[in-house]
Amino acid sequence: MKHVYSRMLALYLGIGILCFFLISTAGSWLIERQLESAICTQLTRGAGQIAADEDLTSYLSSVTAENPAAAGDNTNDSATDSSLKDTEASDSSIEDTLWRNLLKAADFQGTVIWLMRGDGTILMNTDEDSPEKETEVLDGFSSEDLSEKQYQTGDFYGAFSSSQLSVLTAVNGFTDSDSYYVVIHFPLSSLYDIRSHILAVILPVFFVVCLLFALFLLDYRKRVHIPLQKILKGASEYAGGNLSYNIPVNSEGEMGYLAQSLNYMAERLNRNSEYQRRFVANISHDFRSPLTSIKGYVEAMLDGTIPQNMQERYLKIIDFESGRLEKLTRSLLTLNELDVKKRLLHKQRFDINDVLRKTADSFEGICSERDLSLKLLLSGNQLFVRADLEQIQQVLYNLLDNAIKFSADHSFIVLETAEKNEKVFVSVKDHGCGISRENLSRIWDRFFKTDVSRGRDRKGTGLGLSIVKEIINAHDQHINVISTEGVGTEFIFTLDKAK
């Protein structure tokens with residue numbers, strides 16, 4: 001068990017370290033890719049909106065129309081000069097408006113926005129103080145490099161000292177020779193800052209989850225691991241034969257229930273072990289005494305110690321002891337069948353009053369010898385019950401035999417039946433010596449005999465009432481005893497009334 005907990009703790013720590021490593025590496029990389037994709041989508045949308053702006057189209061049209069050779073000769077009239085001045089003033093106004101819009105967009109997004117010609121010439125750069133035409137020409141620039149992919153990361157052909165995420169969108173309406181592009185640059189350092197902020201939120205949450213799992217482990221140790229260790233120690237004690245050991249687990253949960261069950265099991269095993277020792281001792285005693293008598297008398301007759309004219313007397317003693325052994329063996333076999341559930345109940349409908357009459361008739365001879373009378377107080381002429389006829393006959397025989405054994409001479413025994421709430425109550429009551437209070441709870445124990453019984457009836461086995469109890473329990477019925485020492489004893493048991 002300790003090994004299992006250590007493995008669980010090691011597994012928990014291993015998973016925690018692995019998860020932290022994955023969040024710091026793979027998680028960081030996935031967040032970076034996701035941010036790049038989201039920012040690229042946002043920048044592409046912004047570049048498209050800028051490329052569709054009318055001021056931008058007008059400005060680029062004026063840039064395309066400018067050509068120094070188109071000025072003609074040096075002798076222009078005053079009307080032409082005036083028209084050129086108006087055009088330049090209009091172009092200057094569009095350029096200023098466009099510049100302010102680009103600055104606002106760049107400041108809002110935290111980016112740098114370029115207007116570029118297809119040959120790499122930068123027409124406008126929001127990173128500058130003012131709009132300037134052809135301020136810089138990028139060496140090696142090719143729009144085809146960006147046409148095949150959504151965005152580009154790096155220094156953008158050496159234009160920046162730090163890495164940028166750059167998005168390029170073409171301005172429609174111009175020929176390939178006069179192509180123009182809107183380029184938006186987003187610094188990757190800002191992206192890394194966003195990634196760091198996200199990780200700064202994820203990692204504390206991760207550590208909180210780890211703490212909760214640590215608390216779970218502590219609770220597991222307190223509620224499961226430690227009680228299981230105590231239970232394992234108890235199991236080890238029981239395996240070693242120490243059935244008196246008590247597992248000290250007082251929890252009200254499953255562990256407490258398991259510990260209580262094991263303690264109860266150990267107590268029952270201990271009691272069964274003690275009962276088995278008593279059982280063997282009683283059997284040995286009850287078998288040894290008659291066997292010793294039989295063996296002694298037979299040897300005495302064989303060696304001539306007992307004369308021929310006295311052998312009949314001792315043969316009767318041998319017959320008596322043999323009958324005692326037979327009865328003891330038969331009772332043991334009956335109990336064994338009841339114990340292992342081999343004896344099935346053959347329930348049938350029969351008249352319990354008739355069974356009582358026949359049982360009483362079978363004891364008429366012994367009752368006459370002792371001047372005992374049997375009184376039958378029966379409920380009606382017939383009273384039908386549903387039970388195993390053979391087993392109920394044995395119950396009545398054992399109870400009546402017991403009543404006769406302990407009844408005083410010249411007294412009477414009452415056999416009574418009554419019915420109430422679909423139950424039939426059968427009573428066997430004697431007026432004999434009774435049972436003491438300290439022995440009353442032990443009369444169902446196998447081989448138990450009171451001191452009075454040992455002196456009065458040596459043929460008794462101490463198994464009769466045990467057999468009665470087993471049979472009544474097998475019928476799912478109840479049996480009770482009421483006894484007053486010196487007055488008498490009454491046994492009452494129930495049966496199901498037949499419908």
# chains A, B, ... in the order shown; residues from 1 in each chain; ligands from 1
>>> residues_around(residues="Val487 in chain A", least_positions_apart="3", cutoff="12 Å", atoms="only C-alpha atoms", output="PDB file with all heavy atoms, in the first residue's frame")
ATOM      1  N   PHE A 406     -37.660 -32.470  31.825  1.00  0.00           N
ATOM      2  CA  PHE A 406     -37.482 -31.538  32.944  1.00  0.00           C
ATOM      3  C   PHE A 406     -38.759 -31.315  33.760  1.00  0.00           C
ATOM      4  O   PHE A 406     -38.781 -30.435  34.617  1.00  0.00           O
ATOM      5  CB  PHE A 406     -36.952 -30.198  32.415  1.00  0.00           C
ATOM      6  CG  PHE A 406     -35.573 -30.268  31.847  1.00  0.00           C
ATOM      7  CD1 PHE A 406     -35.355 -30.342  30.481  1.00  0.00           C
ATOM      8  CD2 PHE A 406     -34.469 -30.305  32.687  1.00  0.00           C
ATOM      9  CE1 PHE A 406     -34.092 -30.418  29.959  1.00  0.00           C
ATOM     10  CE2 PHE A 406     -33.195 -30.379  32.174  1.00  0.00           C
ATOM     11  CZ  PHE A 406     -33.004 -30.447  30.797  1.00  0.00           C
ATOM     12  N   SER A 407     -39.821 -32.043  33.456  1.00  0.00           N
ATOM     13  CA  SER A 407     -41.054 -31.905  34.241  1.00  0.00           C
ATOM     14  C   SER A 407     -40.976 -32.762  35.504  1.00  0.00           C
ATOM     15  O   SER A 407     -40.367 -33.835  35.516  1.00  0.00           O
ATOM     16  CB  SER A 407     -42.268 -32.337  33.404  1.00  0.00           C
ATOM     17  OG  SER A 407     -42.499 -31.420  32.368  1.00  0.00           O
ATOM     18  N   ALA A 408     -41.601 -32.230  36.501  1.00  0.00           N
ATOM     19  CA  ALA A 408     -41.677 -33.013  37.758  1.00  0.00           C
ATOM     20  C   ALA A 408     -42.701 -34.123  37.595  1.00  0.00           C
ATOM     21  O   ALA A 408     -43.681 -34.004  36.852  1.00  0.00           O
ATOM     22  CB  ALA A 408     -42.052 -32.090  38.910  1.00  0.00           C
ATOM     23  N   SER A 411     -46.933 -34.106  37.227  1.00  0.00           N
ATOM     24  CA  SER A 411     -47.319 -32.763  36.745  1.00  0.00           C
ATOM     25  C   SER A 411     -47.951 -32.904  35.355  1.00  0.00           C
ATOM     26  O   SER A 411     -48.240 -34.021  34.895  1.00  0.00           O
ATOM     27  CB  SER A 411     -46.100 -31.846  36.698  1.00  0.00           C
ATOM     28  OG  SER A 411     -45.134 -32.316  35.776  1.00  0.00           O
ATOM     29  N   LYS A 429     -45.563 -26.109  26.914  1.00  0.00           N
ATOM     30  CA  LYS A 429     -45.307 -25.553  28.242  1.00  0.00           C
ATOM     31  C   LYS A 429     -45.270 -26.664  29.288  1.00  0.00           C
ATOM     32  O   LYS A 429     -46.183 -27.483  29.382  1.00  0.00           O
ATOM     33  CB  LYS A 429     -46.400 -24.542  28.582  1.00  0.00           C
ATOM     34  CG  LYS A 429     -46.207 -23.845  29.930  1.00  0.00           C
ATOM     35  CD  LYS A 429     -47.315 -22.823  30.150  1.00  0.00           C
ATOM     36  CE  LYS A 429     -47.133 -22.089  31.472  1.00  0.00           C
ATOM     37  NZ  LYS A 429     -48.210 -21.101  31.713  1.00  0.00           N
ATOM     38  N   ASP A 430     -44.164 -26.679  30.055  1.00  0.00           N
ATOM     39  CA  ASP A 430     -44.054 -27.669  31.135  1.00  0.00           C
ATOM     40  C   ASP A 430     -44.099 -26.976  32.490  1.00  0.00           C
ATOM     41  O   ASP A 430     -44.030 -25.751  32.568  1.00  0.00           O
ATOM     42  CB  ASP A 430     -42.764 -28.489  30.981  1.00  0.00           C
ATOM     43  CG  ASP A 430     -41.512 -27.642  31.163  1.00  0.00           C
ATOM     44  OD1 ASP A 430     -41.298 -27.100  32.264  1.00  0.00           O
ATOM     45  OD2 ASP A 430     -40.721 -27.510  30.189  1.00  0.00           O
ATOM     46  N   HIS A 431     -44.217 -27.769  33.533  1.00  0.00           N
ATOM     47  CA  HIS A 431     -44.212 -27.252  34.915  1.00  0.00           C
ATOM     48  C   HIS A 431     -43.109 -27.971  35.668  1.00  0.00           C
ATOM     49  O   HIS A 431     -43.362 -28.753  36.587  1.00  0.00           O
ATOM     50  CB  HIS A 431     -45.581 -27.456  35.577  1.00  0.00           C
ATOM     51  CG  HIS A 431     -46.677 -26.694  34.915  1.00  0.00           C
ATOM     52  ND1 HIS A 431     -47.281 -27.114  33.741  1.00  0.00           N
ATOM     53  CD2 HIS A 431     -47.273 -25.512  35.252  1.00  0.00           C
ATOM     54  CE1 HIS A 431     -48.197 -26.241  33.388  1.00  0.00           C
ATOM     55  NE2 HIS A 431     -48.231 -25.260  34.293  1.00  0.00           N
ATOM     56  N   GLY A 432     -41.873 -27.672  35.224  1.00  0.00           N
ATOM     57  CA  GLY A 432     -40.737 -28.358  35.804  1.00  0.00           C
ATOM     58  C   GLY A 432     -39.801 -27.420  36.533  1.00  0.00           C
ATOM     59  O   GLY A 432     -40.230 -26.427  37.140  1.00  0.00           O
ATOM     60  N   CYS A 433     -38.503 -27.737  36.440  1.00  0.00           N
ATOM     61  CA  CYS A 433     -37.514 -26.979  37.217  1.00  0.00           C
ATOM     62  C   CYS A 433     -37.208 -25.609  36.644  1.00  0.00           C
ATOM     63  O   CYS A 433     -36.683 -24.746  37.336  1.00  0.00           O
ATOM     64  CB  CYS A 433     -36.224 -27.795  37.314  1.00  0.00           C
ATOM     65  SG  CYS A 433     -35.514 -28.206  35.702  1.00  0.00           S
ATOM     66  N   GLY A 434     -37.535 -25.373  35.360  1.00  0.00           N
ATOM     67  CA  GLY A 434     -37.240 -24.078  34.757  1.00  0.00           C
ATOM     68  C   GLY A 434     -35.773 -23.919  34.420  1.00  0.00           C
ATOM     69  O   GLY A 434     -34.940 -24.794  34.666  1.00  0.00           O
ATOM     70  N   ILE A 435     -35.465 -22.762  33.821  1.00  0.00           N
ATOM     71  CA  ILE A 435     -34.084 -22.470  33.386  1.00  0.00           C
ATOM     72  C   ILE A 435     -33.635 -21.183  34.068  1.00  0.00           C
ATOM     73  O   ILE A 435     -34.386 -20.199  34.113  1.00  0.00           O
ATOM     74  CB  ILE A 435     -34.005 -22.307  31.856  1.00  0.00           C
ATOM     75  CG1 ILE A 435     -34.567 -23.551  31.162  1.00  0.00           C
ATOM     76  CG2 ILE A 435     -32.571 -22.075  31.399  1.00  0.00           C
ATOM     77  CD1 ILE A 435     -34.716 -23.394  29.652  1.00  0.00           C
ATOM     78  N   SER A 436     -32.430 -21.192  34.588  1.00  0.00           N
ATOM     79  CA  SER A 436     -31.911 -19.988  35.256  1.00  0.00           C
ATOM     80  C   SER A 436     -31.685 -18.874  34.231  1.00  0.00           C
ATOM     81  O   SER A 436     -31.498 -19.118  33.035  1.00  0.00           O
ATOM     82  CB  SER A 436     -30.598 -20.311  35.975  1.00  0.00           C
ATOM     83  OG  SER A 436     -29.602 -20.699  35.031  1.00  0.00           O
ATOM     84  N   ILE A 482     -39.894 -18.676  27.392  1.00  0.00           N
ATOM     85  CA  ILE A 482     -40.216 -17.983  28.642  1.00  0.00           C
ATOM     86  C   ILE A 482     -40.034 -18.995  29.766  1.00  0.00           C
ATOM     87  O   ILE A 482     -40.641 -20.080  29.742  1.00  0.00           O
ATOM     88  CB  ILE A 482     -41.665 -17.458  28.633  1.00  0.00           C
ATOM     89  CG1 ILE A 482     -41.891 -16.526  27.436  1.00  0.00           C
ATOM     90  CG2 ILE A 482     -41.993 -16.745  29.938  1.00  0.00           C
ATOM     91  CD1 ILE A 482     -43.350 -16.129  27.238  1.00  0.00           C
ATOM     92  N   SER A 483     -39.212 -18.663  30.737  1.00  0.00           N
ATOM     93  CA  SER A 483     -38.928 -19.631  31.803  1.00  0.00           C
ATOM     94  C   SER A 483     -38.729 -18.928  33.136  1.00  0.00           C
ATOM     95  O   SER A 483     -38.144 -17.846  33.197  1.00  0.00           O
ATOM     96  CB  SER A 483     -37.680 -20.451  31.447  1.00  0.00           C
ATOM     97  OG  SER A 483     -37.422 -21.434  32.424  1.00  0.00           O
ATOM     98  N   THR A 484     -39.231 -19.572  34.164  1.00  0.00           N
ATOM     99  CA  THR A 484     -39.033 -19.114  35.538  1.00  0.00           C
ATOM    100  C   THR A 484     -38.498 -20.289  36.343  1.00  0.00           C
ATOM    101  O   THR A 484     -39.111 -21.370  36.357  1.00  0.00           O
ATOM    102  CB  THR A 484     -40.344 -18.610  36.163  1.00  0.00           C
ATOM    103  OG1 THR A 484     -40.881 -17.564  35.356  1.00  0.00           O
ATOM    104  CG2 THR A 484     -40.098 -18.089  37.572  1.00  0.00           C
ATOM    105  N   GLU A 490     -41.772 -22.415  28.878  1.00  0.00           N
ATOM    106  CA  GLU A 490     -42.680 -22.441  27.732  1.00  0.00           C
ATOM    107  C   GLU A 490     -41.910 -22.022  26.467  1.00  0.00           C
ATOM    108  O   GLU A 490     -41.262 -20.978  26.436  1.00  0.00           O
ATOM    109  CB  GLU A 490     -43.868 -21.502  27.955  1.00  0.00           C
ATOM    110  CG  GLU A 490     -44.848 -21.517  26.783  1.00  0.00           C
ATOM    111  CD  GLU A 490     -46.024 -20.573  27.004  1.00  0.00           C
ATOM    112  OE1 GLU A 490     -45.967 -19.743  27.946  1.00  0.00           O
ATOM    113  OE2 GLU A 490     -46.995 -20.668  26.230  1.00  0.00           O
TER     114      GLU A 490
END
>>> select_by_dssp(residues="range 179-394 of chain A", states="strand (DSSP E or B)", output="PDB file with N, CA and C atoms, in the first residue's frame")
ATOM      1  N   TYR A 180       0.928  49.263 -56.922  1.00  0.00           N
ATOM      2  CA  TYR A 180       1.118  49.875 -55.617  1.00  0.00           C
ATOM      3  C   TYR A 180       0.592  48.917 -54.538  1.00  0.00           C
ATOM      4  N   TYR A 181       1.192  49.031 -53.338  1.00  0.00           N
ATOM      5  CA  TYR A 181       0.854  48.114 -52.252  1.00  0.00           C
ATOM      6  C   TYR A 181       0.742  48.866 -50.933  1.00  0.00           C
ATOM      7  N   VAL A 182      -0.173  48.386 -50.096  1.00  0.00           N
ATOM      8  CA  VAL A 182      -0.258  48.832 -48.703  1.00  0.00           C
ATOM      9  C   VAL A 182       0.407  47.753 -47.856  1.00  0.00           C
ATOM     10  N   VAL A 183       1.422  48.133 -47.102  1.00  0.00           N
ATOM     11  CA  VAL A 183       2.161  47.189 -46.265  1.00  0.00           C
ATOM     12  C   VAL A 183       2.021  47.636 -44.812  1.00  0.00           C
ATOM     13  N   ILE A 184       1.571  46.675 -43.963  1.00  0.00           N
ATOM     14  CA  ILE A 184       1.439  46.973 -42.530  1.00  0.00           C
ATOM     15  C   ILE A 184       2.412  46.083 -41.771  1.00  0.00           C
ATOM     16  N   HIS A 185       3.207  46.714 -40.902  1.00  0.00           N
ATOM     17  CA  HIS A 185       4.203  45.998 -40.109  1.00  0.00           C
ATOM     18  C   HIS A 185       3.795  46.037 -38.629  1.00  0.00           C
ATOM     19  N   PHE A 186       3.739  44.849 -38.034  1.00  0.00           N
ATOM     20  CA  PHE A 186       3.420  44.737 -36.606  1.00  0.00           C
ATOM     21  C   PHE A 186       4.646  44.176 -35.899  1.00  0.00           C
ATOM     22  N   PRO A 187       5.173  44.875 -34.873  1.00  0.00           N
ATOM     23  CA  PRO A 187       6.395  44.394 -34.211  1.00  0.00           C
ATOM     24  C   PRO A 187       6.131  43.085 -33.456  1.00  0.00           C
ATOM     25  N   LYS A 347     -42.218 -27.726   1.647  1.00  0.00           N
ATOM     26  CA  LYS A 347     -43.388 -27.136   2.289  1.00  0.00           C
ATOM     27  C   LYS A 347     -44.667 -27.715   1.703  1.00  0.00           C
ATOM     28  N   GLN A 348     -45.600 -27.964   2.600  1.00  0.00           N
ATOM     29  CA  GLN A 348     -46.895 -28.487   2.198  1.00  0.00           C
ATOM     30  C   GLN A 348     -47.957 -28.034   3.188  1.00  0.00           C
ATOM     31  N   ARG A 349     -49.182 -28.215   2.821  1.00  0.00           N
ATOM     32  CA  ARG A 349     -50.308 -27.829   3.675  1.00  0.00           C
ATOM     33  C   ARG A 349     -50.695 -29.027   4.538  1.00  0.00           C
ATOM     34  N   PHE A 350     -50.704 -28.827   5.861  1.00  0.00           N
ATOM     35  CA  PHE A 350     -51.091 -29.917   6.768  1.00  0.00           C
ATOM     36  C   PHE A 350     -51.737 -29.340   8.025  1.00  0.00           C
ATOM     37  N   ASP A 351     -52.397 -30.220   8.763  1.00  0.00           N
ATOM     38  CA  ASP A 351     -53.114 -29.836   9.978  1.00  0.00           C
ATOM     39  C   ASP A 351     -52.161 -29.932  11.169  1.00  0.00           C
ATOM     40  N   SER A 373     -49.390 -35.916  32.594  1.00  0.00           N
ATOM     41  CA  SER A 373     -50.549 -35.766  31.706  1.00  0.00           C
ATOM     42  C   SER A 373     -50.262 -34.689  30.662  1.00  0.00           C
ATOM     43  N   LEU A 374     -50.728 -34.918  29.419  1.00  0.00           N
ATOM     44  CA  LEU A 374     -50.550 -33.961  28.309  1.00  0.00           C
ATOM     45  C   LEU A 374     -51.895 -33.327  28.008  1.00  0.00           C
ATOM     46  N   LYS A 375     -51.988 -32.013  28.151  1.00  0.00           N
ATOM     47  CA  LYS A 375     -53.217 -31.276  27.875  1.00  0.00           C
ATOM     48  C   LYS A 375     -53.094 -30.582  26.517  1.00  0.00           C
ATOM     49  N   LEU A 376     -54.069 -30.787  25.650  1.00  0.00           N
ATOM     50  CA  LEU A 376     -54.083 -30.181  24.313  1.00  0.00           C
ATOM     51  C   LEU A 376     -55.113 -29.067  24.285  1.00  0.00           C
ATOM     52  N   LEU A 377     -54.659 -27.854  24.101  1.00  0.00           N
ATOM     53  CA  LEU A 377     -55.545 -26.694  23.957  1.00  0.00           C
ATOM     54  C   LEU A 377     -55.406 -26.210  22.517  1.00  0.00           C
ATOM     55  N   PHE A 384     -54.757 -25.459   9.658  1.00  0.00           N
ATOM     56  CA  PHE A 384     -53.812 -25.801   8.606  1.00  0.00           C
ATOM     57  C   PHE A 384     -52.684 -24.747   8.507  1.00  0.00           C
ATOM     58  N   VAL A 385     -51.499 -25.261   8.379  1.00  0.00           N
ATOM     59  CA  VAL A 385     -50.313 -24.418   8.206  1.00  0.00           C
ATOM     60  C   VAL A 385     -49.586 -24.875   6.947  1.00  0.00           C
ATOM     61  N   ARG A 386     -48.621 -24.048   6.521  1.00  0.00           N
ATOM     62  CA  ARG A 386     -47.780 -24.406   5.365  1.00  0.00           C
ATOM     63  C   ARG A 386     -46.324 -24.430   5.827  1.00  0.00           C
ATOM     64  N   ALA A 387     -45.746 -25.643   5.850  1.00  0.00           N
ATOM     65  CA  ALA A 387     -44.366 -25.808   6.313  1.00  0.00           C
ATOM     66  C   ALA A 387     -43.892 -27.197   5.887  1.00  0.00           C
ATOM     67  N   ASP A 388     -42.660 -27.525   6.300  1.00  0.00           N
ATOM     68  CA  ASP A 388     -42.098 -28.853   6.047  1.00  0.00           C
ATOM     69  C   ASP A 388     -42.589 -29.779   7.162  1.00  0.00           C
TER      70      ASP A 388
END
>>> atom_distance(atom1="CA of Tyr220 in chain A", atom2="CA of Leu203 in chain A")
25.2 Å
>>> residues_around(residues="Tyr314 in chain A", least_positions_apart="4", cutoff="12 Å", atoms="only C-alpha atoms", output="list in words")
Ser293, Ile294, Lys295, Gly296, Tyr297, Val298, Glu299, Ala300, Met301, Thr305, Ile306, Pro307, Gln308, Asn309, Met310, Ile318, Asp319, Phe320 and Glu321 of chain A
>>> closest_residue(among="A:Leu463, A:Val208, A:Ile94, A:Ile122", to="Asp53 in chain A", atoms="only C-alpha atoms")
A:Ile94
>>> residues_around(residues="range 158-163 of chain A", least_positions_apart="5", cutoff="10 Å", atoms="only C-alpha atoms", output="ChimeraX atom specification")
/A:136-140,152-153,185-189
>>> closest_residue(among="A:Glu95, A:Ile23, A:Ala235, A:Gly110", to="Ala200 in chain A", atoms="only C-alpha atoms")
A:Ile23
>>> atom_distance(atom1="CA of Asn250 in chain A", atom2="CA of Arg221 in chain A")
15.3 Å
>>> closest_residue(among="A:Ala239, A:Ala498, A:Cys210, A:Lys405", to="Gly16 in chain A", atoms="only C-alpha atoms")
A:Cys210
>>> atom_distance(atom1="CA of Thr359 in chain A", atom2="CA of Gly380 in chain A")
17.7 Å
>>> residues_around(residues="Leu43 in chain A", least_positions_apart="6", cutoff="10 Å", atoms="only C-alpha atoms", output="list in words")
Ser37, Gln49, Gln109, Thr111, Tyr151, Leu165, Ser166, Val167, Leu168, Thr169, Val183, Ile184, His185 and Phe186 of chain A
>>> write_last_selection(atoms="C-alpha atoms", output="PDB file, in the first residue's frame")
ATOM      1  CA  SER A  37      -2.870  34.078 -37.315  1.00  0.00           C
ATOM      2  CA  GLN A  49      -9.787  48.844 -46.051  1.00  0.00           C
ATOM      3  CA  GLN A 109      -3.123  49.214 -34.275  1.00  0.00           C
ATOM      4  CA  THR A 111       1.816  49.270 -36.396  1.00  0.00           C
ATOM      5  CA  TYR A 151       2.232  37.147 -44.078  1.00  0.00           C
ATOM      6  CA  LEU A 165       5.004  40.623 -38.862  1.00  0.00           C
ATOM      7  CA  SER A 166       4.330  42.166 -42.284  1.00  0.00           C
ATOM      8  CA  VAL A 167       1.130  41.999 -44.359  1.00  0.00           C
ATOM      9  CA  LEU A 168       1.019  43.253 -47.990  1.00  0.00           C
ATOM     10  CA  THR A 169      -2.154  44.109 -49.940  1.00  0.00           C
ATOM     11  CA  VAL A 183       2.161  47.189 -46.265  1.00  0.00           C
ATOM     12  CA  ILE A 184       1.439  46.973 -42.530  1.00  0.00           C
ATOM     13  CA  HIS A 185       4.203  45.998 -40.109  1.00  0.00           C
ATOM     14  CA  PHE A 186       3.420  44.737 -36.606  1.00  0.00           C
TER      15      PHE A 186
END
>>> closest_residue(among="A:Ile413, A:Leu291, A:Leu199, A:Ile39", to="Thr25 in chain A", atoms="only C-alpha atoms")
A:Leu199
>>> closest_residue(among="A:Gly120, A:Asn439, A:Asp178, A:Leu215", to="Tyr12 in chain A", atoms="only C-alpha atoms")
A:Leu215
